[in-house]
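J.: Input file: structure_39.txt. Contents: compact mmCIF, C-alpha atoms and all ligand atoms.
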```txt
# COMPACT_ATOMS: atom_id res chain seq x y z
CA SER Y 530 20.44 84.22 40.57
CA GLN Y 531 23.44 86.46 40.32
CA THR Y 532 23.81 89.76 38.57
CA PRO Y 533 26.57 89.14 36.01
CA HIS Y 534 28.52 92.37 36.51
CA ILE Y 535 28.69 92.01 40.26
CA LYS Y 536 31.94 90.45 41.46
CA ARG Y 537 31.32 87.97 44.24
CA ILE Y 538 34.04 88.28 46.87
CA ALA Y 539 35.32 85.86 49.51
CA ILE Y 540 37.33 87.62 52.20
CA PHE Y 541 39.65 85.22 53.97
CA GLY Y 542 40.73 87.08 57.09
CA SER Y 543 37.83 89.57 57.12
CA THR Y 544 38.43 90.74 60.69
CA GLY Y 545 42.00 91.90 60.10
CA SER Y 546 43.41 95.23 59.00
CA ILE Y 547 43.18 94.36 55.29
CA GLY Y 548 39.85 92.53 55.67
CA THR Y 549 38.08 95.40 57.41
CA GLN Y 550 39.43 97.96 54.95
CA ALA Y 551 38.25 95.75 52.07
CA LEU Y 552 34.77 95.71 53.58
CA GLU Y 553 34.84 99.53 53.72
CA VAL Y 554 35.65 99.59 50.02
CA ILE Y 555 32.97 97.03 49.19
CA ALA Y 556 30.33 98.83 51.28
CA GLN Y 557 30.77 101.89 49.08
CA HIS Y 558 30.15 99.91 45.88
CA PRO Y 559 27.18 97.57 46.29
CA ASP Y 560 26.65 97.86 42.53
CA LYS Y 561 30.06 96.30 41.88
CA PHE Y 562 30.69 93.80 44.66
CA SER Y 563 28.89 91.32 46.86
CA VAL Y 564 30.35 89.53 49.88
CA GLU Y 565 29.88 85.76 49.78
CA ILE Y 566 32.37 84.38 52.32
CA LEU Y 567 33.83 85.88 55.49
CA THR Y 568 36.40 84.10 57.61
CA CYS Y 569 38.17 84.88 60.85
CA ASN Y 570 40.38 83.22 63.39
CA GLY Y 571 38.85 84.14 66.74
CA ASN Y 572 37.32 87.61 66.52
CA ASP Y 573 33.73 86.41 66.98
CA GLU Y 574 32.15 89.79 67.83
CA LEU Y 575 33.48 91.48 64.73
CA VAL Y 576 32.67 88.66 62.31
CA ILE Y 577 29.09 88.59 63.67
CA ASP Y 578 28.71 92.33 62.98
CA GLN Y 579 30.19 91.89 59.53
CA ALA Y 580 27.91 88.97 58.71
CA LEU Y 581 24.79 90.83 59.87
CA LYS Y 582 25.76 93.78 57.72
CA PHE Y 583 26.95 92.03 54.54
CA ARG Y 584 24.83 88.84 54.68
CA PRO Y 585 27.35 86.48 53.09
CA ASN Y 586 26.56 82.89 52.15
CA ILE Y 587 29.14 81.50 54.52
CA VAL Y 588 31.10 82.44 57.62
CA VAL Y 589 34.04 80.32 58.74
CA VAL Y 590 35.50 80.62 62.22
CA ALA Y 591 38.91 78.97 62.46
CA GLU Y 592 39.02 78.67 66.28
CA ASP Y 593 36.71 75.98 67.74
CA GLN Y 594 35.83 77.84 70.96
CA LYS Y 595 34.37 80.78 69.07
CA TYR Y 596 32.02 78.77 66.88
CA THR Y 597 28.95 78.40 69.12
CA LYS Y 598 28.62 82.09 69.74
CA VAL Y 599 28.81 82.97 66.05
CA LYS Y 600 26.43 80.14 65.13
CA GLU Y 601 23.87 81.34 67.69
CA ALA Y 602 24.16 84.98 66.73
CA LEU Y 603 23.46 84.13 63.09
CA ALA Y 604 20.80 81.48 63.77
CA ASN Y 605 17.98 83.65 62.45
CA THR Y 606 19.73 84.44 59.20
CA ASP Y 607 20.47 82.23 56.20
CA VAL Y 608 24.22 82.61 56.73
CA LYS Y 609 25.88 79.19 57.02
CA VAL Y 610 28.50 78.96 59.75
CA PHE Y 611 31.41 76.51 59.65
CA VAL Y 612 34.30 75.93 61.99
CA GLY Y 613 37.91 74.83 61.80
CA GLU Y 614 40.93 74.78 59.60
CA LYS Y 615 39.52 72.07 57.29
CA ALA Y 616 36.37 74.09 56.69
CA LEU Y 617 38.52 77.09 55.84
CA GLU Y 618 40.28 75.04 53.19
CA GLU Y 619 37.08 73.48 51.84
CA VAL Y 620 35.00 76.61 51.40
CA ALA Y 621 37.85 78.05 49.35
CA SER Y 622 36.82 75.75 46.49
CA MET Y 623 33.08 76.50 46.63
CA ASP Y 624 31.15 77.81 43.63
CA CYS Y 625 29.50 80.75 45.37
CA TYR Y 626 32.23 83.33 44.70
CA ASP Y 627 34.54 84.69 41.98
CA ILE Y 628 37.46 86.41 43.74
CA MET Y 629 39.27 85.52 46.94
CA LEU Y 630 40.82 88.35 48.89
CA ALA Y 631 43.59 86.39 50.60
CA ALA Y 632 43.96 88.47 53.77
CA ILE Y 633 44.78 85.85 56.39
CA VAL Y 634 48.12 86.56 58.02
CA GLY Y 635 50.99 84.08 57.78
CA TYR Y 636 51.33 80.46 56.74
CA ALA Y 637 47.68 79.78 57.68
CA GLY Y 638 46.67 81.49 54.44
CA LEU Y 639 48.54 79.10 52.17
CA LYS Y 640 46.19 76.12 51.86
CA PRO Y 641 42.94 78.06 51.37
CA THR Y 642 44.61 80.20 48.71
CA LEU Y 643 46.02 77.19 46.88
CA ASN Y 644 42.59 75.55 46.94
CA ALA Y 645 41.02 78.70 45.53
CA ILE Y 646 43.55 78.75 42.68
CA ASN Y 647 42.88 75.10 41.96
CA ALA Y 648 39.17 75.91 41.83
CA GLY Y 649 39.87 78.62 39.23
CA LYS Y 650 39.19 81.63 41.46
CA ALA Y 651 40.89 84.95 40.84
CA ILE Y 652 43.12 85.94 43.75
CA ALA Y 653 43.60 89.38 45.24
CA LEU Y 654 46.68 88.57 47.27
CA ALA Y 655 47.50 90.37 50.49
CA ASN Y 656 48.96 87.29 52.19
CA LYS Y 657 52.57 87.57 51.04
CA GLU Y 658 53.65 84.62 53.21
CA THR Y 659 51.88 82.30 50.77
CA LEU Y 660 54.36 83.28 48.04
CA VAL Y 661 57.31 83.29 50.42
CA VAL Y 662 56.59 79.71 51.48
CA ALA Y 663 55.68 78.11 48.16
CA GLY Y 664 55.80 80.77 45.46
CA ASP Y 665 56.90 78.39 42.72
CA ILE Y 666 53.96 76.03 43.28
CA ILE Y 667 51.46 78.85 43.73
CA MET Y 668 52.45 80.67 40.56
CA ARG Y 669 52.81 77.50 38.48
CA THR Y 670 49.33 76.40 39.54
CA ALA Y 671 47.92 79.84 38.80
CA VAL Y 672 49.35 79.70 35.28
CA GLU Y 673 47.98 76.19 34.74
CA LYS Y 674 44.53 77.22 35.95
CA ARG Y 675 44.70 80.57 34.13
CA VAL Y 676 43.99 82.33 37.37
CA PRO Y 677 45.08 85.94 37.82
CA VAL Y 678 47.01 86.70 41.00
CA ILE Y 679 46.59 90.41 41.60
CA PRO Y 680 48.77 91.88 44.33
CA VAL Y 681 47.29 93.87 47.19
CA ASP Y 682 50.60 94.61 48.90
CA SER Y 683 51.12 98.28 48.04
CA GLU Y 684 54.61 97.86 46.57
CA HIS Y 685 53.54 95.00 44.34
CA SER Y 686 50.36 96.76 43.34
CA ALA Y 687 52.61 99.66 42.29
CA ILE Y 688 54.83 97.38 40.20
CA PHE Y 689 51.78 95.66 38.71
CA GLN Y 690 50.33 99.04 37.73
CA CYS Y 691 53.67 100.13 36.20
CA LEU Y 692 53.77 96.96 34.11
CA ILE Y 693 50.37 97.49 32.52
CA GLY Y 694 50.95 97.99 28.79
CA GLU Y 695 54.55 96.76 29.01
CA MET Y 696 53.94 93.09 28.23
CA ARG Y 697 56.63 92.93 25.52
CA ASN Y 698 59.17 95.05 27.35
CA PRO Y 699 61.62 93.25 29.60
CA VAL Y 700 62.12 94.68 33.06
CA GLU Y 701 65.67 95.69 33.97
CA LYS Y 702 64.90 95.93 37.66
CA VAL Y 703 62.24 96.79 40.18
CA ILE Y 704 62.85 99.19 43.05
CA LEU Y 705 60.85 98.23 46.11
CA THR Y 706 60.43 101.24 48.35
CA ALA Y 707 60.42 100.84 52.13
CA SER Y 708 59.44 103.39 54.76
CA GLY Y 709 62.18 102.05 57.03
CA GLY Y 710 59.67 101.47 59.82
CA PRO Y 711 59.64 103.03 63.29
CA PHE Y 712 63.36 102.39 63.90
CA LEU Y 713 64.83 103.97 60.79
CA GLY Y 714 68.30 105.32 61.56
CA ARG Y 715 68.55 103.41 64.86
CA LYS Y 716 71.49 101.17 65.72
CA PRO Y 717 71.66 97.80 67.55
CA ASN Y 718 72.49 99.44 70.90
CA TYR Y 719 69.06 101.11 70.72
CA LEU Y 720 67.16 98.18 69.21
CA VAL Y 721 68.28 95.78 71.90
CA ASN Y 722 65.91 97.46 74.37
CA VAL Y 723 62.82 98.20 72.28
CA LYS Y 724 59.53 96.69 73.42
CA ARG Y 725 56.45 95.55 71.56
CA GLU Y 726 54.43 98.76 72.09
CA HIS Y 727 57.14 100.83 70.48
CA ALA Y 728 57.72 98.38 67.64
CA LEU Y 729 53.99 98.34 66.85
CA GLN Y 730 53.99 102.08 66.11
CA HIS Y 731 54.46 102.42 62.38
CA PRO Y 732 54.98 105.96 61.05
CA ASN Y 733 52.85 105.70 57.90
CA TRP Y 734 50.52 102.69 58.09
CA THR Y 735 48.21 101.07 60.64
CA MET Y 736 48.47 97.32 60.18
CA GLY Y 737 48.08 93.98 61.91
CA ALA Y 738 50.55 93.12 64.68
CA LYS Y 739 52.66 90.63 62.75
CA ILE Y 740 53.32 92.80 59.72
CA SER Y 741 53.96 95.80 61.99
CA ILE Y 742 56.79 93.91 63.70
CA ASP Y 743 58.04 92.69 60.31
CA SER Y 744 58.13 96.32 59.20
CA ALA Y 745 60.12 97.32 62.26
CA THR Y 746 62.73 94.58 61.63
CA LEU Y 747 62.65 95.07 57.82
CA MET Y 748 61.76 91.39 57.46
CA ASN Y 749 58.65 92.69 55.74
CA LYS Y 750 60.78 94.12 52.94
CA GLY Y 751 62.65 90.83 52.69
CA LEU Y 752 59.37 88.93 52.40
CA GLU Y 753 58.33 91.45 49.75
CA MET Y 754 61.50 90.87 47.71
CA ILE Y 755 60.63 87.17 47.58
CA GLU Y 756 56.99 88.00 46.84
CA ALA Y 757 58.15 90.19 43.92
CA LYS Y 758 60.35 87.45 42.55
CA TRP Y 759 57.39 85.10 42.22
CA LEU Y 760 54.72 87.59 41.16
CA PHE Y 761 56.79 89.14 38.38
CA ASN Y 762 59.14 86.27 37.54
CA LEU Y 763 62.30 88.20 38.42
CA SER Y 764 65.78 87.07 39.30
CA PRO Y 765 67.17 88.17 42.69
CA ASP Y 766 69.54 90.72 41.14
CA GLN Y 767 66.59 92.50 39.52
CA ILE Y 768 65.08 93.38 42.90
CA GLU Y 769 66.40 96.39 44.78
CA VAL Y 770 65.26 97.87 48.09
CA LEU Y 771 65.28 101.64 48.61
CA ILE Y 772 64.34 103.41 51.82
CA HIS Y 773 61.82 106.17 51.13
CA PRO Y 774 60.45 107.38 54.47
CA GLN Y 775 57.47 109.35 53.11
CA SER Y 776 55.80 106.31 51.47
CA ILE Y 777 54.52 108.36 48.51
CA ILE Y 778 56.29 106.38 45.79
CA HIS Y 779 54.94 102.90 46.36
CA SER Y 780 57.54 101.25 44.10
CA MET Y 781 59.16 101.64 40.69
CA VAL Y 782 60.03 99.65 37.58
CA GLN Y 783 63.09 100.37 35.45
CA PHE Y 784 63.01 99.18 31.84
CA GLU Y 785 65.84 98.31 29.46
CA ASP Y 786 66.04 101.83 28.06
CA GLY Y 787 66.72 103.18 31.54
CA SER Y 788 63.26 104.71 31.78
CA ILE Y 789 61.63 104.39 35.20
CA LYS Y 790 57.92 104.27 36.00
CA ALA Y 791 56.73 104.92 39.54
CA GLN Y 792 53.29 104.57 41.05
CA MET Y 793 52.46 107.18 43.68
CA GLY Y 794 49.77 108.21 46.07
CA LEU Y 795 49.07 108.79 49.72
CA PRO Y 796 49.72 105.75 51.90
CA ASP Y 797 46.29 104.15 52.25
CA MET Y 798 45.79 100.40 51.84
CA LYS Y 799 42.26 100.96 50.60
CA LEU Y 800 43.79 102.09 47.29
CA PRO Y 801 45.63 98.87 46.40
CA ILE Y 802 42.74 96.82 47.83
CA GLN Y 803 40.27 98.68 45.65
CA TYR Y 804 42.57 98.42 42.63
CA ALA Y 805 42.88 94.64 43.01
CA LEU Y 806 39.15 94.09 43.48
CA GLY Y 807 38.21 96.42 40.64
CA PHE Y 808 40.92 95.29 38.21
CA PRO Y 809 41.06 95.96 35.28
CA ARG Y 810 38.87 98.96 36.04
CA ARG Y 811 39.85 101.80 38.35
CA ILE Y 812 37.04 102.86 40.64
CA LYS Y 813 36.29 106.51 41.31
CA ASN Y 814 36.59 107.55 44.95
CA ASN Y 815 36.84 110.71 47.01
CA TYR Y 816 39.79 109.78 49.22
CA PRO Y 817 42.31 112.59 49.91
CA ARG Y 818 44.53 113.39 46.93
CA THR Y 819 48.29 113.86 46.88
CA ASP Y 820 49.22 117.54 46.85
CA PHE Y 821 52.79 117.84 45.61
CA LYS Y 822 52.97 121.46 46.71
CA LYS Y 823 52.50 120.32 50.30
CA LEU Y 824 55.00 117.47 50.20
CA LYS Y 825 58.15 118.94 51.69
CA GLU Y 826 60.44 116.34 50.22
CA LEU Y 827 60.74 112.87 48.81
CA SER Y 828 63.94 111.38 50.17
CA PHE Y 829 65.81 108.14 49.59
CA GLU Y 830 68.56 106.17 51.26
CA GLU Y 831 70.08 102.73 51.32
CA PRO Y 832 68.80 100.18 53.83
CA ASP Y 833 71.13 99.58 56.78
CA LEU Y 834 71.77 95.88 56.29
CA LYS Y 835 74.23 95.68 59.18
CA THR Y 836 71.60 96.79 61.68
CA PHE Y 837 68.50 95.21 60.15
CA LYS Y 838 69.90 91.74 59.66
CA ASN Y 839 66.53 90.15 58.94
CA LEU Y 840 66.66 91.80 55.56
CA THR Y 841 70.06 90.23 54.93
CA LEU Y 842 68.69 86.82 55.92
CA ALA Y 843 65.76 87.26 53.53
CA MET Y 844 68.17 88.19 50.73
CA GLU Y 845 70.04 84.99 51.43
CA ALA Y 846 66.77 83.02 51.19
CA LEU Y 847 65.88 84.87 47.99
CA ASN Y 848 69.26 84.02 46.45
CA LYS Y 849 69.44 80.43 47.57
CA GLY Y 850 65.83 79.48 46.76
CA GLY Y 851 64.54 75.97 47.51
CA ASN Y 852 62.84 75.67 50.89
CA LEU Y 853 65.01 78.30 52.59
CA ALA Y 854 62.40 81.06 52.43
CA CYS Y 855 59.80 78.63 53.80
CA ILE Y 856 62.10 77.82 56.74
CA MET Y 857 62.84 81.49 57.31
CA ASN Y 858 59.16 82.40 57.23
CA ALA Y 859 58.24 79.75 59.80
CA ALA Y 860 61.03 80.80 62.17
CA ASN Y 861 60.06 84.42 61.71
CA GLU Y 862 56.41 83.73 62.60
CA ILE Y 863 57.48 81.96 65.79
CA ALA Y 864 59.97 84.70 66.65
CA VAL Y 865 57.52 87.54 66.01
CA TYR Y 866 54.81 85.98 68.19
CA ALA Y 867 57.38 85.36 70.94
CA PHE Y 868 58.45 89.01 70.75
CA LEU Y 869 54.82 90.13 70.83
CA ARG Y 870 54.37 88.14 74.03
CA ASN Y 871 57.52 89.73 75.51
CA ARG Y 872 59.26 86.35 75.55
CA ILE Y 873 62.31 87.47 73.55
CA GLY Y 874 63.95 90.78 72.71
CA PHE Y 875 63.88 92.61 69.39
CA LEU Y 876 67.32 91.48 68.24
CA ASP Y 877 66.73 87.91 69.44
CA MET Y 878 64.28 87.51 66.56
CA THR Y 879 67.17 87.58 64.08
CA ASP Y 880 69.07 85.02 66.10
CA VAL Y 881 66.13 82.58 66.15
CA ILE Y 882 65.61 82.93 62.42
CA GLU Y 883 69.28 82.58 61.52
CA ARG Y 884 69.81 79.50 63.68
CA THR Y 885 66.70 77.86 62.26
CA MET Y 886 67.78 78.59 58.70
CA ASN Y 887 71.14 76.94 59.43
CA LYS Y 888 69.55 73.92 61.07
CA VAL Y 889 66.63 72.69 58.97
CA ALA Y 890 67.72 70.61 55.96
CA PHE Y 891 67.91 72.48 52.67
CA ILE Y 892 65.87 71.09 49.77
CA GLU Y 893 66.57 72.42 46.30
CA SER Y 894 63.15 71.80 44.66
CA PRO Y 895 60.63 70.86 47.32
CA THR Y 896 57.26 69.30 46.71
CA LEU Y 897 54.24 70.83 48.42
CA ASP Y 898 54.46 68.20 51.17
CA GLU Y 899 58.12 68.98 51.64
CA TYR Y 900 57.24 72.64 52.11
CA PHE Y 901 54.70 71.63 54.77
CA GLU Y 902 57.33 69.46 56.49
CA SER Y 903 60.00 72.16 56.35
CA ASP Y 904 57.54 74.62 57.85
CA GLY Y 905 56.73 72.24 60.70
CA GLU Y 906 60.38 71.41 61.40
CA ALA Y 907 61.37 75.05 61.37
CA ARG Y 908 58.56 75.98 63.74
CA SER Y 909 59.46 73.34 66.28
CA TYR Y 910 63.16 74.12 66.09
CA ALA Y 911 62.53 77.86 66.51
CA ALA Y 912 60.16 77.17 69.42
CA ASP Y 913 62.84 74.99 71.05
CA ILE Y 914 65.36 77.82 70.86
CA ILE Y 915 62.87 80.11 72.58
CA LYS Y 916 61.68 77.30 74.88
CA LEU Y 917 58.04 78.01 74.11
P1 LIG Y 1001 45.67 91.03 60.80
O1 LIG Y 1001 46.39 90.35 61.88
O2 LIG Y 1001 45.13 92.38 61.05
O3 LIG Y 1001 44.47 90.11 60.29
C1 LIG Y 1001 44.66 88.77 60.00
C2 LIG Y 1001 43.37 88.06 59.65
O4 LIG Y 1001 43.64 86.67 59.51
C3 LIG Y 1001 42.29 88.17 60.74
O5 LIG Y 1001 41.02 88.18 60.12
C4 LIG Y 1001 42.47 86.89 61.52
O6 LIG Y 1001 41.27 86.48 62.15
C5 LIG Y 1001 42.87 85.92 60.44
N1 LIG Y 1001 43.73 84.83 60.94
C6 LIG Y 1001 44.85 84.96 61.68
N2 LIG Y 1001 45.38 83.77 61.96
C7 LIG Y 1001 44.57 82.85 61.39
C8 LIG Y 1001 44.57 81.43 61.36
N3 LIG Y 1001 45.52 80.71 61.96
N4 LIG Y 1001 43.58 80.82 60.68
C9 LIG Y 1001 42.63 81.54 60.08
N5 LIG Y 1001 42.57 82.87 60.10
C10 LIG Y 1001 43.52 83.52 60.74
O7 LIG Y 1001 46.67 91.08 59.55
P2 LIG Y 1001 46.71 92.14 58.36
O8 LIG Y 1001 47.57 93.27 58.75
O9 LIG Y 1001 45.34 92.41 57.85
O10 LIG Y 1001 47.54 91.33 57.27
C11 LIG Y 1001 46.97 90.28 56.52
C12 LIG Y 1001 47.93 89.89 55.41
O11 LIG Y 1001 48.06 90.99 54.52
C13 LIG Y 1001 49.34 89.59 55.91
O12 LIG Y 1001 49.88 88.55 55.17
C14 LIG Y 1001 50.10 90.88 55.65
O13 LIG Y 1001 51.47 90.65 55.40
C15 LIG Y 1001 49.41 91.37 54.39
N6 LIG Y 1001 49.50 92.83 54.23
C16 LIG Y 1001 48.93 93.65 55.15
C17 LIG Y 1001 49.02 95.03 55.00
C18 LIG Y 1001 48.37 95.96 55.99
O14 LIG Y 1001 48.41 97.17 55.79
N7 LIG Y 1001 47.77 95.50 57.06
C19 LIG Y 1001 49.72 95.57 53.91
C20 LIG Y 1001 50.30 94.69 52.99
C21 LIG Y 1001 50.18 93.32 53.15
MG MG Y 1002 54.01 96.26 51.53
```
How would this structure read if it were set down as structure tokens?
Ligand code: NAD
Ligand code: MG
T.:
Amino acid sequence: SQTPHIKRIAIFGSTGSIGTQALEVIAQHPDKFSVEILTCNGNDELVIDQALKFRPNIVVVAEDQKYTKVKEALANTDVKVFVGEKALEEVASMDCYDIMLAAIVGYAGLKPTLNAINAGKAIALANKETLVVAGDIIMRTAVEKRVPVIPVDSEHSAIFQCLIGEMRNPVEKVILTASGGPFLGRKPNYLVNVKREHALQHPNWTMGAKISIDSATLMNKGLEMIEAKWLFNLSPDQIEVLIHPQSIIHSMVQFEDGSIKAQMGLPDMKLPIQYALGFPRRIKNNYPRTDFKKLKELSFEEPDLKTFKNLTLAMEALNKGGNLACIMNAANEIAVYAFLRNRIGFLDMTDVIERTMNKVAFIESPTLDEYFESDGEARSYAADIIKL
């Protein structure tokens, strides 16, 4: 027996940066949300705590070795515990929830999210890689199933909010703002020596490891350009990147009369998470407010494409389409994890991605299986370069 006005949430990737912040939001609004599914890769301790607190229907642990411990810890509850990648995909189509928060990092989020869309679930999408890999199929399926895909990524949430009430008004362009990451203003002679600890320090946001590295290389902004293309049905020349180090303007939309709307606020992912879960209603909160009198300046500059070549590669993938973004994403995942394990240097990441993009066969309009194959080929080629 469910209370009709309570939204039943499935958090895929509940132990991550987005997942834990979503649970903070949900905990403050038991009258609006219930938690029905929690999933994690290997963080058994945390998912056990979360399950004991939120009492979902189902917990899925992706990694086999972590299953027994979670199962035992929840033995005296009525929480069902499943294990493995297949289970992750299967529970995505279960009846027990209304909205999936897609907060798994990387390609691993694709299949569960696609299953959820096919099952008619609303999607609050944090996992941008899903759209980078197979945005055409994801968005086409969402339209067919009449499923809303509500962005959680702060820039896309900003654009989404700017577009409310503008259904009949064509967009001239969107301006994706970027903080520039920890290495803003640096040149290759500096970047060649940076190590993981330094690259993980983001000036404005605390995030998972992979997206932190993507922010340092500006690949994150490239992924976000591709994400914007699919979410808002834009052509590549309608998507502009602007460095805005203070992260107060989360992004902007320019309409055909030259008028520009911006969405602003303090940088806090709980805001776009809450907006996506509450949509179409805004939820009152008491988080710190923006005080314009205390903001010293809002500044803007062009991205340095010569130094941050990952962004250039992503623009190439955006322009060329087909499976190129899928190939790039796979190579980037391999390169980022190699960098995080101190196997390759910061600038080597670009090299791995570029060589993989040049190597794996281009397909103009891939099927879903062809996307899976391109992903696999790109991963093994990138791993070969690194000799993983
Ligand atoms: P994270 O690394 O902190 O968390 C990732 C979650 O996914 C964890 O729960 C982990 O257990 C799970 N996971 C990882 N690999 C998995 C696998 N192979 N199978 C199943 N589960 C797996 O990442 P995050 O920073 O929370 O980011 C999640 C997604 O949200 C990413 O796609 C990221 O780009 C996007 N995003 C994050 C932020 C942010 O502020 N953190 C902002 C915008 C967008
Ligand atoms: Mg973002």
J.: Tell me, as a VMD selection string, which residues lie within 8 Å of region 549-553 of chain Y, counting only C-alpha atoms; anything in the same chain fewer than 6 positions away does not count.
T.: chain Y and resid 543 798 to 799 802 to 803
J.: Give me, please, the distance in Å between CA of Asn644 (chain Y) and CA of Pro585 (chain Y), quoted to one decimal.
T.: 19.7 Å
J.: May I have the residues within 7 Å of ligand LIG 1001 (chain Y), computed using only C-alpha atoms and all ligand atoms, as a ChimeraX atom specification?
T.: /Y:541-548,568-572,591,614,632-635,637-638,655-658,681-683,734-740,798
J.: Determine, counting all atoms listed in the file, which protein, DNA and RNA residues have an atom within 9 Å of an atom of region 747-754 of chain Y; residues of the same chain fewer than 3 positions away are not included. Present the result as a PDB file with C-alpha atoms, in the coordinates of the input.
T.:
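Done, and the output landed in around_27.pdb:
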```
ATOM      1  CA  LYS Y 657      52.570  87.570  51.040  1.00  0.00           C
ATOM      2  CA  GLU Y 658      53.650  84.620  53.210  1.00  0.00           C
ATOM      3  CA  LEU Y 660      54.360  83.280  48.040  1.00  0.00           C
ATOM      4  CA  VAL Y 661      57.310  83.290  50.420  1.00  0.00           C
ATOM      5  CA  ASP Y 682      50.600  94.610  48.900  1.00  0.00           C
ATOM      6  CA  GLU Y 684      54.610  97.860  46.570  1.00  0.00           C
ATOM      7  CA  HIS Y 685      53.540  95.000  44.340  1.00  0.00           C
ATOM      8  CA  LEU Y 705      60.850  98.230  46.110  1.00  0.00           C
ATOM      9  CA  THR Y 706      60.430 101.240  48.350  1.00  0.00           C
ATOM     10  CA  ALA Y 707      60.420 100.840  52.130  1.00  0.00           C
ATOM     11  CA  GLY Y 709      62.180 102.050  57.030  1.00  0.00           C
ATOM     12  CA  GLY Y 710      59.670 101.470  59.820  1.00  0.00           C
ATOM     13  CA  ILE Y 740      53.320  92.800  59.720  1.00  0.00           C
ATOM     14  CA  SER Y 741      53.960  95.800  61.990  1.00  0.00           C
ATOM     15  CA  ILE Y 742      56.790  93.910  63.700  1.00  0.00           C
ATOM     16  CA  ASP Y 743      58.040  92.690  60.310  1.00  0.00           C
ATOM     17  CA  SER Y 744      58.130  96.320  59.200  1.00  0.00           C
ATOM     18  CA  ALA Y 757      58.150  90.190  43.920  1.00  0.00           C
ATOM     19  CA  LYS Y 758      60.350  87.450  42.550  1.00  0.00           C
ATOM     20  CA  TRP Y 759      57.390  85.100  42.220  1.00  0.00           C
ATOM     21  CA  PRO Y 765      67.170  88.170  42.690  1.00  0.00           C
ATOM     22  CA  ILE Y 768      65.080  93.380  42.900  1.00  0.00           C
ATOM     23  CA  GLU Y 769      66.400  96.390  44.780  1.00  0.00           C
ATOM     24  CA  VAL Y 770      65.260  97.870  48.090  1.00  0.00           C
ATOM     25  CA  PRO Y 832      68.800 100.180  53.830  1.00  0.00           C
ATOM     26  CA  PHE Y 837      68.500  95.210  60.150  1.00  0.00           C
ATOM     27  CA  LYS Y 838      69.900  91.740  59.660  1.00  0.00           C
ATOM     28  CA  ASN Y 839      66.530  90.150  58.940  1.00  0.00           C
ATOM     29  CA  LEU Y 840      66.660  91.800  55.560  1.00  0.00           C
ATOM     30  CA  THR Y 841      70.060  90.230  54.930  1.00  0.00           C
ATOM     31  CA  LEU Y 842      68.690  86.820  55.920  1.00  0.00           C
ATOM     32  CA  ALA Y 843      65.760  87.260  53.530  1.00  0.00           C
ATOM     33  CA  MET Y 844      68.170  88.190  50.730  1.00  0.00           C
ATOM     34  CA  ALA Y 846      66.770  83.020  51.190  1.00  0.00           C
ATOM     35  CA  LEU Y 847      65.880  84.870  47.990  1.00  0.00           C
ATOM     36  CA  ALA Y 854      62.400  81.060  52.430  1.00  0.00           C
ATOM     37  CA  ASN Y 858      59.160  82.400  57.230  1.00  0.00           C
ATOM     38  CA  ASN Y 861      60.060  84.420  61.710  1.00  0.00           C
TER      39      ASN Y 861
END
```
J.: Of the candidates Y:Ile566, Y:Leu575, Y:Ala687, Y:Val599, which shows the shortest atom-to-atom distance to ligand MG 1002 (chain Y), using all atoms listed in the file?
T.: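 The answer is Y:Ala687, which sits nearest to ligand MG 1002 (chain Y).
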J.: Please, what distance in Å, to one decimal, runs between CA of Phe901 (chain Y) and CA of Gly850 (chain Y)?
T.: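 We find that CA of Phe901 (chain Y) and CA of Gly850 (chain Y) lie 15.8 Å from each other.
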J.: Go ahead and compute the interatomic distance for CA of Arg697 (chain Y) and CA of Ala653 (chain Y), in Å to one decimal.
T.: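 Computing it gives 23.9 Å between the two atoms.
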J.: Env of Leu869 (chain Y): 10 Å cut, atoms = all atoms listed in the file, seq-sep filter 3 positions within chain, self excluded. Answer as a list of chain:residue names.
T.: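 My reading of the contact set: Y:Lys724, Y:Arg725, Y:Glu726, Y:Ala728, Y:Leu729, Y:Ala738, Y:Lys739, Y:Ile742, Y:Ile863, Y:Ala864, Y:Val865, Y:Tyr866, Y:Arg872, Y:Ile873, Y:Gly874, Y:Phe875.
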J.: Find, counting only C-alpha atoms and all ligand atoms, the residue in Y:His558, Y:Arg810, Y:Lys716, Y:His779 that gets nearest to ligand MG 1002 (chain Y).
T.: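 Comparing Y:His558, Y:Arg810, Y:Lys716, Y:His779 against ligand MG 1002 (chain Y), the winner is Y:His779.
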J.: When distances are computed from all atoms listed in the file, which of Y:Thr885, Y:Asn605, Y:Ser894, Y:Ser780 shows the smallest separation from ligand MG 1002 (chain Y)?
T.: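 Looking at the shortest contact to ligand MG 1002 (chain Y), the residue is Y:Ser780.
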J.: Choose the residue, out of Y:Met668, Y:Ala867, Y:Met857, Y:Lys640, that has the smallest atom-to-atom separation from Leu760 (chain Y); count all atoms listed in the file.
T.: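 Of all the options, Y:Met668 lies closest to Leu760 (chain Y).
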J.: Go through Y:Leu630, Y:Leu654, Y:Leu617, Y:Ala745 and flag the residue nearest Phe712 (chain Y), using all atoms listed in the file for the distances.
T.: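 The shortest atom-to-atom distance to Phe712 (chain Y) comes from Y:Ala745.
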J.: My list of candidates is Y:Asn722, Y:Asn852, Y:Gln594, Y:Asn733. Which is closest to ligand MG 1002 (chain Y) when distances are computed with all atoms listed in the file?
T.: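 Under the stated criterion, the closest residue is Y:Asn733.
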J.: Write out as a ChimeraX atom specification the residues lying within 12 Å of Gly649 (chain Y), counting all atoms listed in the file and excluding same-chain residues fewer than 5 positions away.
T.: /Y:621-624,626-629,642-644,670-678
